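Here is data30.cif, consisting of mmCIF, C-alpha atoms and all ligand atoms:
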data_final
loop_
_atom_site.group_PDB
_atom_site.id
_atom_site.type_symbol
_atom_site.label_atom_id
_atom_site.label_comp_id
_atom_site.auth_asym_id
_atom_site.auth_seq_id
_atom_site.Cartn_x
_atom_site.Cartn_y
_atom_site.Cartn_z
ATOM 1 C CA MET A 1 -21.878 96.890 22.843
ATOM 2 C CA ARG A 2 -25.475 95.695 23.343
ATOM 3 C CA GLU A 3 -25.291 95.927 27.132
ATOM 4 C CA LYS A 4 -23.931 99.476 26.900
ATOM 5 C CA TYR A 5 -26.753 100.534 24.622
ATOM 6 C CA ARG A 6 -29.301 98.853 26.921
ATOM 7 C CA LYS A 7 -28.031 100.640 30.032
ATOM 8 C CA ALA A 8 -27.515 104.083 28.452
ATOM 9 C CA ASP A 9 -29.894 106.857 29.583
ATOM 10 C CA LEU A 10 -29.517 108.835 26.410
ATOM 11 C CA GLY A 11 -28.989 107.995 22.752
ATOM 12 C CA ILE A 12 -27.809 110.605 20.245
ATOM 13 C CA THR A 13 -28.225 110.103 16.497
ATOM 14 C CA GLY A 14 -28.291 112.128 13.324
ATOM 15 C CA ALA A 15 -30.988 111.619 10.694
ATOM 16 C CA ASN A 16 -30.792 110.750 7.026
ATOM 17 C CA PHE A 17 -34.163 112.350 6.346
ATOM 18 C CA LEU A 18 -36.977 114.070 8.211
ATOM 19 C CA VAL A 19 -40.487 113.717 6.813
ATOM 20 C CA ALA A 20 -42.561 116.868 7.264
ATOM 21 C CA ASP A 21 -46.090 115.456 6.867
ATOM 22 C CA THR A 22 -45.792 112.931 9.722
ATOM 23 C CA GLY A 23 -42.905 114.419 11.719
ATOM 24 C CA SER A 24 -40.926 111.189 11.222
ATOM 25 C CA LEU A 25 -37.189 110.854 11.330
ATOM 26 C CA VAL A 26 -35.429 108.300 9.147
ATOM 27 C CA LEU A 27 -32.202 106.540 10.061
ATOM 28 C CA CYS A 28 -30.324 104.391 7.533
ATOM 29 C CA THR A 29 -27.481 102.189 8.771
ATOM 30 C CA ASN A 30 -25.975 98.902 7.684
ATOM 31 C CA GLU A 31 -24.755 98.015 11.184
ATOM 32 C CA GLY A 32 -27.846 98.495 13.333
ATOM 33 C CA ASN A 33 -26.172 101.024 15.641
ATOM 34 C CA GLY A 34 -28.779 103.669 14.818
ATOM 35 C CA ARG A 35 -31.586 101.304 15.764
ATOM 36 C CA PHE A 36 -29.965 100.493 19.118
ATOM 37 C CA CYS A 37 -29.293 104.145 19.849
ATOM 38 C CA SER A 38 -32.816 105.256 19.041
ATOM 39 C CA THR A 39 -34.755 102.456 20.747
ATOM 40 C CA ALA A 40 -32.925 101.186 23.841
ATOM 41 C CA PRO A 41 -32.120 104.367 25.856
ATOM 42 C CA ARG A 42 -34.878 106.278 27.669
ATOM 43 C CA VAL A 43 -34.218 109.525 25.800
ATOM 44 C CA HIS A 44 -33.416 109.865 22.099
ATOM 45 C CA ILE A 45 -31.960 113.107 20.746
ATOM 46 C CA ALA A 46 -31.547 113.504 16.967
ATOM 47 C CA PHE A 47 -29.552 116.306 15.346
ATOM 48 C CA ALA A 48 -30.308 117.068 11.701
ATOM 49 C CA GLY A 49 -29.519 119.860 9.255
ATOM 50 C CA ILE A 50 -32.609 121.614 7.920
ATOM 51 C CA GLU A 51 -31.859 120.372 4.407
ATOM 52 C CA LYS A 52 -32.784 116.852 5.540
ATOM 53 C CA LEU A 53 -36.488 117.748 5.501
ATOM 54 C CA VAL A 54 -38.557 116.177 2.724
ATOM 55 C CA PRO A 55 -42.269 116.943 2.277
ATOM 56 C CA THR A 56 -43.911 113.469 2.301
ATOM 57 C CA HIS A 57 -43.320 109.718 2.480
ATOM 58 C CA GLU A 58 -43.777 109.575 -1.294
ATOM 59 C CA HIS A 59 -40.675 111.748 -1.704
ATOM 60 C CA LEU A 60 -38.898 109.651 0.912
ATOM 61 C CA THR A 61 -39.337 106.369 -0.977
ATOM 62 C CA VAL A 62 -37.593 107.788 -4.054
ATOM 63 C CA LEU A 63 -34.706 109.173 -2.004
ATOM 64 C CA LEU A 64 -34.254 105.975 0.045
ATOM 65 C CA LYS A 65 -33.817 103.979 -3.155
ATOM 66 C CA LEU A 66 -31.396 106.526 -4.613
ATOM 67 C CA LEU A 67 -29.345 106.602 -1.415
ATOM 68 C CA ALA A 68 -28.855 102.842 -1.122
ATOM 69 C CA ARG A 69 -28.224 102.236 -4.821
ATOM 70 C CA THR A 70 -25.643 104.953 -5.280
ATOM 71 C CA SER A 71 -23.800 104.492 -1.974
ATOM 72 C CA THR A 72 -23.433 100.710 -1.633
ATOM 73 C CA ALA A 73 -25.403 99.337 -4.617
ATOM 74 C CA GLN A 74 -27.995 97.789 -2.290
ATOM 75 C CA PRO A 75 -31.733 97.818 -3.057
ATOM 76 C CA LEU A 76 -32.277 99.304 0.412
ATOM 77 C CA THR A 77 -30.020 100.038 3.391
ATOM 78 C CA CYS A 78 -30.088 97.061 5.836
ATOM 79 C CA TYR A 79 -31.590 98.933 8.783
ATOM 80 C CA THR A 80 -33.963 101.596 7.561
ATOM 81 C CA ASN A 81 -35.733 102.974 10.640
ATOM 82 C CA ILE A 82 -38.646 105.351 10.500
ATOM 83 C CA VAL A 83 -39.234 106.820 13.963
ATOM 84 C CA THR A 84 -42.446 108.763 14.449
ATOM 85 C CA GLY A 85 -42.547 110.140 17.988
ATOM 86 C CA PRO A 86 -41.610 108.463 21.282
ATOM 87 C CA ARG A 87 -42.818 104.981 22.332
ATOM 88 C CA ARG A 88 -46.587 104.628 22.627
ATOM 89 C CA SER A 89 -48.293 102.723 25.454
ATOM 90 C CA ASP A 90 -48.882 99.600 23.303
ATOM 91 C CA GLU A 91 -45.323 99.457 21.922
ATOM 92 C CA HIS A 92 -42.472 97.329 23.289
ATOM 93 C CA ASP A 93 -39.487 99.422 22.321
ATOM 94 C CA GLY A 94 -38.564 102.989 21.544
ATOM 95 C CA SER A 95 -37.513 105.941 23.684
ATOM 96 C CA GLU A 96 -39.763 107.575 26.280
ATOM 97 C CA GLN A 97 -38.738 110.982 24.985
ATOM 98 C CA LEU A 98 -37.705 112.046 21.495
ATOM 99 C CA HIS A 99 -36.131 115.420 20.748
ATOM 100 C CA ILE A 100 -35.317 116.491 17.186
ATOM 101 C CA ILE A 101 -32.876 119.389 16.963
ATOM 102 C CA LEU A 102 -32.819 121.193 13.608
ATOM 103 C CA LEU A 103 -29.509 122.790 12.738
ATOM 104 C CA ASP A 104 -29.130 125.791 10.478
ATOM 105 C CA ASN A 105 -25.435 126.701 10.942
ATOM 106 C CA GLY A 106 -25.244 128.709 7.737
ATOM 107 C CA ARG A 107 -27.601 126.580 5.639
ATOM 108 C CA THR A 108 -30.183 129.348 5.129
ATOM 109 C CA ASN A 109 -27.385 131.521 3.747
ATOM 110 C CA ILE A 110 -26.629 128.789 1.209
ATOM 111 C CA LEU A 111 -30.354 128.525 0.430
ATOM 112 C CA ALA A 112 -30.500 132.255 -0.255
ATOM 113 C CA ASP A 113 -27.652 131.972 -2.769
ATOM 114 C CA GLU A 114 -29.007 131.097 -6.208
ATOM 115 C CA THR A 115 -25.699 129.657 -7.402
ATOM 116 C CA PHE A 116 -24.986 127.385 -4.465
ATOM 117 C CA ARG A 117 -28.414 126.367 -3.147
ATOM 118 C CA GLU A 118 -28.376 123.166 -5.209
ATOM 119 C CA ALA A 119 -25.624 121.860 -2.881
ATOM 120 C CA LEU A 120 -28.351 121.420 -0.229
ATOM 121 C CA ARG A 121 -29.931 118.662 -2.352
ATOM 122 C CA CYS A 122 -27.111 116.312 -1.275
ATOM 123 C CA ILE A 123 -28.327 113.045 0.288
ATOM 124 C CA ARG A 124 -24.814 112.079 1.517
ATOM 125 C CA CYS A 125 -24.645 108.925 -0.582
ATOM 126 C CA GLY A 126 -20.878 109.244 -1.063
ATOM 127 C CA ALA A 127 -20.926 108.448 -4.797
ATOM 128 C CA CYS A 128 -18.993 111.617 -5.622
ATOM 129 C CA LEU A 129 -16.322 110.623 -3.071
ATOM 130 C CA ASN A 130 -15.890 107.146 -4.513
ATOM 131 C CA SER A 131 -15.588 108.483 -8.044
ATOM 132 C CA CYS A 132 -13.146 111.296 -7.175
ATOM 133 C CA PRO A 133 -9.468 110.587 -8.014
ATOM 134 C CA VAL A 134 -8.334 113.204 -5.477
ATOM 135 C CA TYR A 135 -10.414 111.762 -2.608
ATOM 136 C CA ARG A 136 -9.308 108.233 -3.467
ATOM 137 C CA SER A 137 -5.666 109.345 -3.137
ATOM 138 C CA VAL A 138 -5.788 111.603 -0.084
ATOM 139 C CA GLY A 139 -8.650 110.121 2.014
ATOM 140 C CA GLY A 140 -11.292 111.820 4.125
ATOM 141 C CA HIS A 141 -9.173 113.313 6.937
ATOM 142 C CA SER A 142 -7.363 115.655 4.531
ATOM 143 C CA TYR A 143 -10.476 117.778 4.111
ATOM 144 C CA GLY A 144 -10.410 119.151 7.682
ATOM 145 C CA SER A 145 -14.164 118.750 8.150
ATOM 146 C CA VAL A 146 -16.758 115.994 8.500
ATOM 147 C CA TYR A 147 -17.770 116.597 4.891
ATOM 148 C CA SER A 148 -15.108 115.225 2.574
ATOM 149 C CA GLY A 149 -14.703 114.621 -1.157
ATOM 150 C CA PRO A 150 -16.163 116.854 -3.865
ATOM 151 C CA ILE A 151 -19.323 117.763 -1.925
ATOM 152 C CA GLY A 152 -17.155 118.571 1.115
ATOM 153 C CA SER A 153 -15.018 120.860 -1.056
ATOM 154 C CA VAL A 154 -18.199 122.743 -1.909
ATOM 155 C CA ILE A 155 -20.143 122.882 1.361
ATOM 156 C CA THR A 156 -17.300 123.204 3.874
ATOM 157 C CA PRO A 157 -16.154 126.589 2.468
ATOM 158 C CA LEU A 158 -19.811 127.659 2.234
ATOM 159 C CA LEU A 159 -20.525 126.744 5.868
ATOM 160 C CA ARG A 160 -17.202 127.743 7.414
ATOM 161 C CA GLY A 161 -15.914 130.486 5.136
ATOM 162 C CA LEU A 162 -13.944 130.550 1.924
ATOM 163 C CA GLU A 163 -11.164 132.415 3.745
ATOM 164 C CA ASN A 164 -10.654 129.347 5.998
ATOM 165 C CA TYR A 165 -11.160 126.562 3.445
ATOM 166 C CA GLY A 166 -10.053 128.145 0.159
ATOM 167 C CA ASP A 167 -7.693 125.226 -0.573
ATOM 168 C CA LEU A 168 -10.571 122.768 -0.981
ATOM 169 C CA PRO A 169 -12.201 124.051 -4.207
ATOM 170 C CA ASN A 170 -8.725 124.378 -5.711
ATOM 171 C CA ALA A 171 -7.709 120.801 -4.875
ATOM 172 C CA SER A 172 -9.588 119.400 -7.855
ATOM 173 C CA SER A 173 -8.608 118.428 -11.382
ATOM 174 C CA LEU A 174 -12.196 119.232 -12.515
ATOM 175 C CA CYS A 175 -12.366 115.885 -14.291
ATOM 176 C CA GLY A 176 -16.148 115.919 -13.784
ATOM 177 C CA ALA A 177 -16.472 112.348 -12.423
ATOM 178 C CA CYS A 178 -18.292 113.632 -9.306
ATOM 179 C CA GLY A 179 -20.937 115.449 -11.346
ATOM 180 C CA ASP A 180 -21.573 112.307 -13.419
ATOM 181 C CA ALA A 181 -21.907 110.119 -10.313
ATOM 182 C CA CYS A 182 -24.267 112.360 -8.330
ATOM 183 C CA PRO A 183 -27.793 110.875 -8.239
ATOM 184 C CA VAL A 184 -29.437 114.219 -7.441
ATOM 185 C CA LYS A 185 -27.577 115.969 -10.274
ATOM 186 C CA ILE A 186 -25.662 118.565 -8.299
ATOM 187 C CA ASP A 187 -23.307 120.324 -10.713
ATOM 188 C CA LEU A 188 -20.278 119.786 -8.467
ATOM 189 C CA PRO A 189 -17.577 120.823 -11.023
ATOM 190 C CA GLY A 190 -19.574 123.979 -11.810
ATOM 191 C CA LEU A 191 -19.882 124.842 -8.104
ATOM 192 C CA LEU A 192 -16.144 124.311 -7.574
ATOM 193 C CA ILE A 193 -15.443 126.748 -10.423
ATOM 194 C CA SER A 194 -17.917 129.275 -8.945
ATOM 195 C CA LEU A 195 -16.127 129.068 -5.585
ATOM 196 C CA ARG A 196 -12.800 129.723 -7.327
ATOM 197 C CA GLN A 197 -14.400 132.727 -9.021
ATOM 198 C CA ASN A 198 -15.567 133.975 -5.599
ATOM 199 C CA MET A 199 -12.021 133.634 -4.311
ATOM 200 C CA VAL A 200 -10.736 135.782 -7.166
ATOM 201 C CA ASP A 201 -13.515 138.364 -6.585
ATOM 202 C CA GLN A 202 -12.818 138.454 -2.826
ATOM 203 C CA ARG A 203 -9.070 138.569 -3.471
ATOM 204 C CA GLU A 204 -8.513 135.503 -1.284
ATOM 205 C CA PHE A 205 -5.311 134.602 -3.160
ATOM 206 C CA SER A 206 -2.013 135.882 -1.783
ATOM 207 C CA MET A 207 0.087 138.415 -3.691
ATOM 208 C CA LEU A 208 2.609 135.677 -4.530
ATOM 209 C CA GLU A 209 -0.109 133.419 -5.959
ATOM 210 C CA ARG A 210 -1.558 136.248 -8.033
ATOM 211 C CA LEU A 211 1.880 137.156 -9.347
ATOM 212 C CA THR A 212 2.643 133.521 -10.183
ATOM 213 C CA MET A 213 -0.639 133.155 -12.080
ATOM 214 C CA ARG A 214 -0.009 136.352 -14.043
ATOM 215 C CA LEU A 215 3.455 135.156 -14.962
ATOM 216 C CA TYR A 216 2.028 131.788 -15.937
ATOM 217 C CA ALA A 217 -0.657 133.416 -18.122
ATOM 218 C CA TRP A 218 1.972 135.639 -19.751
ATOM 219 C CA SER A 219 4.269 132.695 -20.473
ATOM 220 C CA LEU A 220 1.380 130.739 -22.031
ATOM 221 C CA LYS A 221 0.914 133.615 -24.465
ATOM 222 C CA HIS A 222 4.660 133.666 -25.236
ATOM 223 C CA THR A 223 5.293 129.983 -25.695
ATOM 224 C CA TRP A 224 9.064 130.172 -26.063
ATOM 225 C CA THR A 225 9.305 131.407 -22.439
ATOM 226 C CA TYR A 226 7.026 128.577 -21.309
ATOM 227 C CA ARG A 227 9.166 125.966 -23.082
ATOM 228 C CA MET A 228 12.362 127.476 -21.736
ATOM 229 C CA GLY A 229 10.914 127.498 -18.191
ATOM 230 C CA GLN A 230 10.004 123.831 -18.538
ATOM 231 C CA ARG A 231 13.545 122.970 -19.653
ATOM 232 C CA VAL A 232 15.162 124.875 -16.770
ATOM 233 C CA GLN A 233 12.752 123.238 -14.304
ATOM 234 C CA ARG A 234 13.510 119.775 -15.700
ATOM 235 C CA VAL A 235 17.264 120.225 -15.460
ATOM 236 C CA MET A 236 17.059 121.626 -11.903
ATOM 237 C CA LEU A 237 14.752 118.920 -10.595
ATOM 238 C CA ARG A 238 16.911 116.216 -12.140
ATOM 239 C CA MET A 239 19.967 117.744 -10.448
ATOM 240 C CA MET A 240 18.186 117.644 -7.085
ATOM 241 C CA ALA A 241 17.015 114.034 -7.515
ATOM 242 C CA ASP A 242 18.801 111.110 -5.876
ATOM 243 C CA ARG A 243 19.887 107.928 -7.647
ATOM 244 C CA ASP A 244 16.396 106.438 -7.399
ATOM 245 C CA GLY A 245 14.995 109.377 -9.370
ATOM 246 C CA TYR A 246 13.226 111.178 -6.485
ATOM 247 C CA VAL A 247 13.630 114.670 -5.051
ATOM 248 C CA ARG A 248 13.614 113.879 -1.311
ATOM 249 C CA SER A 249 14.177 117.362 0.030
ATOM 250 C CA ALA A 250 14.068 120.604 -1.975
ATOM 251 C CA PRO A 251 16.235 123.423 -0.569
ATOM 252 C CA THR A 252 13.683 126.264 -0.640
ATOM 253 C CA GLY A 253 10.251 127.626 -1.656
ATOM 254 C CA PRO A 254 6.896 125.802 -1.824
ATOM 255 C CA LEU A 255 8.686 122.705 -3.096
ATOM 256 C CA ARG A 256 10.455 122.467 0.244
ATOM 257 C CA LYS A 257 7.124 122.193 2.083
ATOM 258 C CA TRP A 258 5.976 119.585 -0.417
ATOM 259 C CA THR A 259 9.091 117.437 -0.073
ATOM 260 C CA SER A 260 9.069 117.702 3.736
ATOM 261 C CA VAL A 261 6.138 115.240 3.748
ATOM 262 C CA ARG A 262 6.464 113.385 0.435
ATOM 263 C CA ASP A 263 8.971 112.584 -2.308
ATOM 264 C CA LEU A 264 8.707 114.190 -5.737
ATOM 265 C CA PRO A 265 9.498 112.035 -8.779
ATOM 266 C CA ALA A 266 12.052 113.764 -11.004
ATOM 267 C CA PRO A 267 10.907 114.550 -14.572
ATOM 268 C CA ALA A 268 11.938 112.267 -17.429
ATOM 269 C CA LYS A 269 15.128 113.125 -19.299
ATOM 270 C CA GLN A 270 13.150 113.941 -22.420
ATOM 271 C CA SER A 271 9.704 115.566 -22.226
ATOM 272 C CA PHE A 272 6.780 114.021 -24.069
ATOM 273 C CA SER A 273 6.482 116.994 -26.434
ATOM 274 C CA ASP A 274 10.218 116.833 -27.284
ATOM 275 C CA TRP A 275 9.852 113.126 -27.996
ATOM 276 C CA TRP A 276 6.734 113.806 -30.091
ATOM 277 C CA ASN A 277 8.568 116.391 -32.174
ATOM 278 C CA THR A 278 11.281 113.886 -33.003
ATOM 279 C CA GLN A 279 8.611 111.473 -34.325
ATOM 280 C CA SER A 280 7.029 113.838 -36.830
HETATM 281 S S1 LIG B 301 -23.092 115.459 -3.832
HETATM 282 FE FE1 LIG B 301 -24.317 113.909 -4.899
HETATM 283 S S2 LIG B 301 -22.919 112.152 -5.127
HETATM 284 FE FE2 LIG B 301 -21.994 113.513 -3.558
HETATM 285 S S3 LIG B 301 -22.728 112.683 -1.611
HETATM 286 FE FE3 LIG B 301 -24.168 114.305 -2.243
HETATM 287 S S4 LIG B 301 -25.788 113.222 -3.368
HETATM 288 FE FE4 LIG B 301 -24.074 111.808 -3.229
#

Go through the file and emit its structure as structure tokens.
Ligand code: SF4
Amino acid sequence: MREKYRKADLGITGANFLVADTGSLVLCTNEGNGRFCSTAPRVHIAFAGIEKLVPTHEHLTVLLKLLARTSTAQPLTCYTNIVTGPRRSDEHDGSEQLHIILLDNGRTNILADETFREALRCIRCGACLNSCPVYRSVGGHSYGSVYSGPIGSVITPLLRGLENYGDLPNASSLCGACGDACPVKIDLPGLLISLRQNMVDQREFSMLERLTMRLYAWSLKHTWTYRMGQRVQRVMLRMMADRDGYVRSAPTGPLRKWTSVRDLPAPAKQSFSDWWNTQS
């Protein structure tokens, strides 16, 4: 790759931070690709969201430590580059031209929202991803955006519309592990709940979903119906299961979509609560 970097006319990078008092851009990588990209080609273009701006180098030192410790447990990322302007006459490397492009793309709207503005504090350390049981099972590509995991489930709907990414805030068990892991104390579970509330207020749920939830709420108030529903469901799923105890293909409804891409384990013959009742 070195030769390719050396011959390239243009290098494009992002930025982990931008420092306002000196106009510096900061690149943190463990592979050195950012350093190649920003120093070997003649022109360096850096794209960065406006939330990457920090006021001074004093603020930067705190954030650099937080980033490395919570993402990979290092004292500092291996290649931490601070680029302040293009190459000067007495310097050996660096680009001849440096262009920093600040992206808004909906970020000022998030900033104006008192509930969600804290999401812009994110330093992209990835700690919430690593702690999230959903992310660890489904992986990054399932989120349909470059931002994955719990923070992706918050900012992707904010940047691209709740009507397009309404599934993301709902694909969470709200266990709270992400909020505990976050070094900048973003209340991720709270923001996921607020997004769900917005979906209810904007009536983003389909008629069928609303009806199902009402029925569910009603049955929770009338527990005999809930228990009976559970029994019927258990018997039906067990009838559909094969000899290995898996439902491979459900005949109809949402379960059909589910089983078209994965197998559903059939419920146990006796539910936990039935077993518990026999013990007391
Ligand atoms: S939300 Fe917090 S834990 Fe998740 S990537 Fe951002 S800073 Fe890290």

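Among the candidate residues A:Arg69, A:Arg214, A:His92, A:Arg196, the one lying nearest to ligand LIG 301 (chain B) is A:Arg69, with distances computed using only C-alpha atoms and all ligand atoms.
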
d(CA of Met228 (chain A), CA of Phe272 (chain A)) in Å:
14.8 Å

Using all atoms listed in the file, collect all residues at a distance of at most 9 Å from (-38.6, 110.6, 12.0) as written in the file, then present them as JSON, numbers by chain.
{"A": [15, 17, 18, 19, 20, 22, 23, 24, 25, 26, 27, 81, 82, 83, 84, 85, 100]}

Could you put an axis-aligned box around every listed atom of ligand LIG 301 (chain B), padded by 6 Å on each side, and send me its centre and edge lengths in Å to one decimal, as JSON?
{"center_x": -23.9, "center_y": 113.6, "center_z": -3.4, "size_x": 15.8, "size_y": 15.7, "size_z": 15.5}

Residues within 12 Å of Ser249 (chain A), please, as an mmCIF file with C-alpha atoms, keeping the file's coordinate frame. Count only C-alpha atoms; anything in the same chain fewer than 3 positions from it doesn't count.
data_model
loop_
_atom_site.group_PDB
_atom_site.id
_atom_site.type_symbol
_atom_site.label_atom_id
_atom_site.label_comp_id
_atom_site.auth_asym_id
_atom_site.auth_seq_id
_atom_site.Cartn_x
_atom_site.Cartn_y
_atom_site.Cartn_z
ATOM 1 C CA LEU A 237 14.752 118.920 -10.595
ATOM 2 C CA MET A 239 19.967 117.744 -10.448
ATOM 3 C CA MET A 240 18.186 117.644 -7.085
ATOM 4 C CA ALA A 241 17.015 114.034 -7.515
ATOM 5 C CA ASP A 242 18.801 111.110 -5.876
ATOM 6 C CA TYR A 246 13.226 111.178 -6.485
ATOM 7 C CA THR A 252 13.683 126.264 -0.640
ATOM 8 C CA GLY A 253 10.251 127.626 -1.656
ATOM 9 C CA PRO A 254 6.896 125.802 -1.824
ATOM 10 C CA LEU A 255 8.686 122.705 -3.096
ATOM 11 C CA ARG A 256 10.455 122.467 0.244
ATOM 12 C CA LYS A 257 7.124 122.193 2.083
ATOM 13 C CA TRP A 258 5.976 119.585 -0.417
ATOM 14 C CA THR A 259 9.091 117.437 -0.073
ATOM 15 C CA SER A 260 9.069 117.702 3.736
ATOM 16 C CA VAL A 261 6.138 115.240 3.748
ATOM 17 C CA ARG A 262 6.464 113.385 0.435
ATOM 18 C CA ASP A 263 8.971 112.584 -2.308
ATOM 19 C CA LEU A 264 8.707 114.190 -5.737
ATOM 20 C CA PRO A 265 9.498 112.035 -8.779
ATOM 21 C CA ALA A 266 12.052 113.764 -11.004
#

Once the PyMOL selection byres (((not hetatm)) within 10 of (chain B and resi 301)) is applied to the coordinates I shared, what remains selected? I want it as a count of residues only.
40

Applying the PyMOL selection byres (((chain A and resi 77) around 10) and not hetatm) to the file I just gave you, which residues come out? Please list them as a PyMOL selection string.
chain A and resi 27-31+64-65+67-69+71-76+78-81

On this file, the PyMOL selection byres (((chain A and resi 40) around 8) and not hetatm) gives some set of residues; write that set as a ChimeraX atom specification.
/A:5-8,11,36-39,41-42,93-95

Keeping only C-alpha atoms, write the selected residues to a file as a compact mmCIF listing (two decimals), in the coordinates of the input.
# COMPACT_ATOMS: atom_id res chain seq x y z
CA TYR A 5 -26.75 100.53 24.62
CA ARG A 6 -29.30 98.85 26.92
CA LYS A 7 -28.03 100.64 30.03
CA ALA A 8 -27.52 104.08 28.45
CA GLY A 11 -28.99 108.00 22.75
CA PHE A 36 -29.96 100.49 19.12
CA CYS A 37 -29.29 104.14 19.85
CA SER A 38 -32.82 105.26 19.04
CA THR A 39 -34.76 102.46 20.75
CA PRO A 41 -32.12 104.37 25.86
CA ARG A 42 -34.88 106.28 27.67
CA ASP A 93 -39.49 99.42 22.32
CA GLY A 94 -38.56 102.99 21.54
CA SER A 95 -37.51 105.94 23.68

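By chain and then residue number, the residues within 12 Å of region 219-227 of chain A are Thr212, Met213, Arg214, Val232, Gln233, Arg234, Ser271, Ser273 and Asp274 of chain A, counting only C-alpha atoms and disregarding those fewer than 5 positions away in sequence.
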
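You will find CA of Glu58 (chain A) at 21.8 Å from CA of Leu102 (chain A).
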
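Atom pair CA of Thr13 (chain A) / CA of Asn105 (chain A): separated by 17.7 Å.
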
Write out as a ChimeraX atom specification each polymer residue whose atoms come within 12 Å of Tyr165 (chain A), counting only C-alpha atoms; drop sequence neighbours fewer than 3 positions from it.
/A:142-145,152-162,168-171,195-196,199,204-205
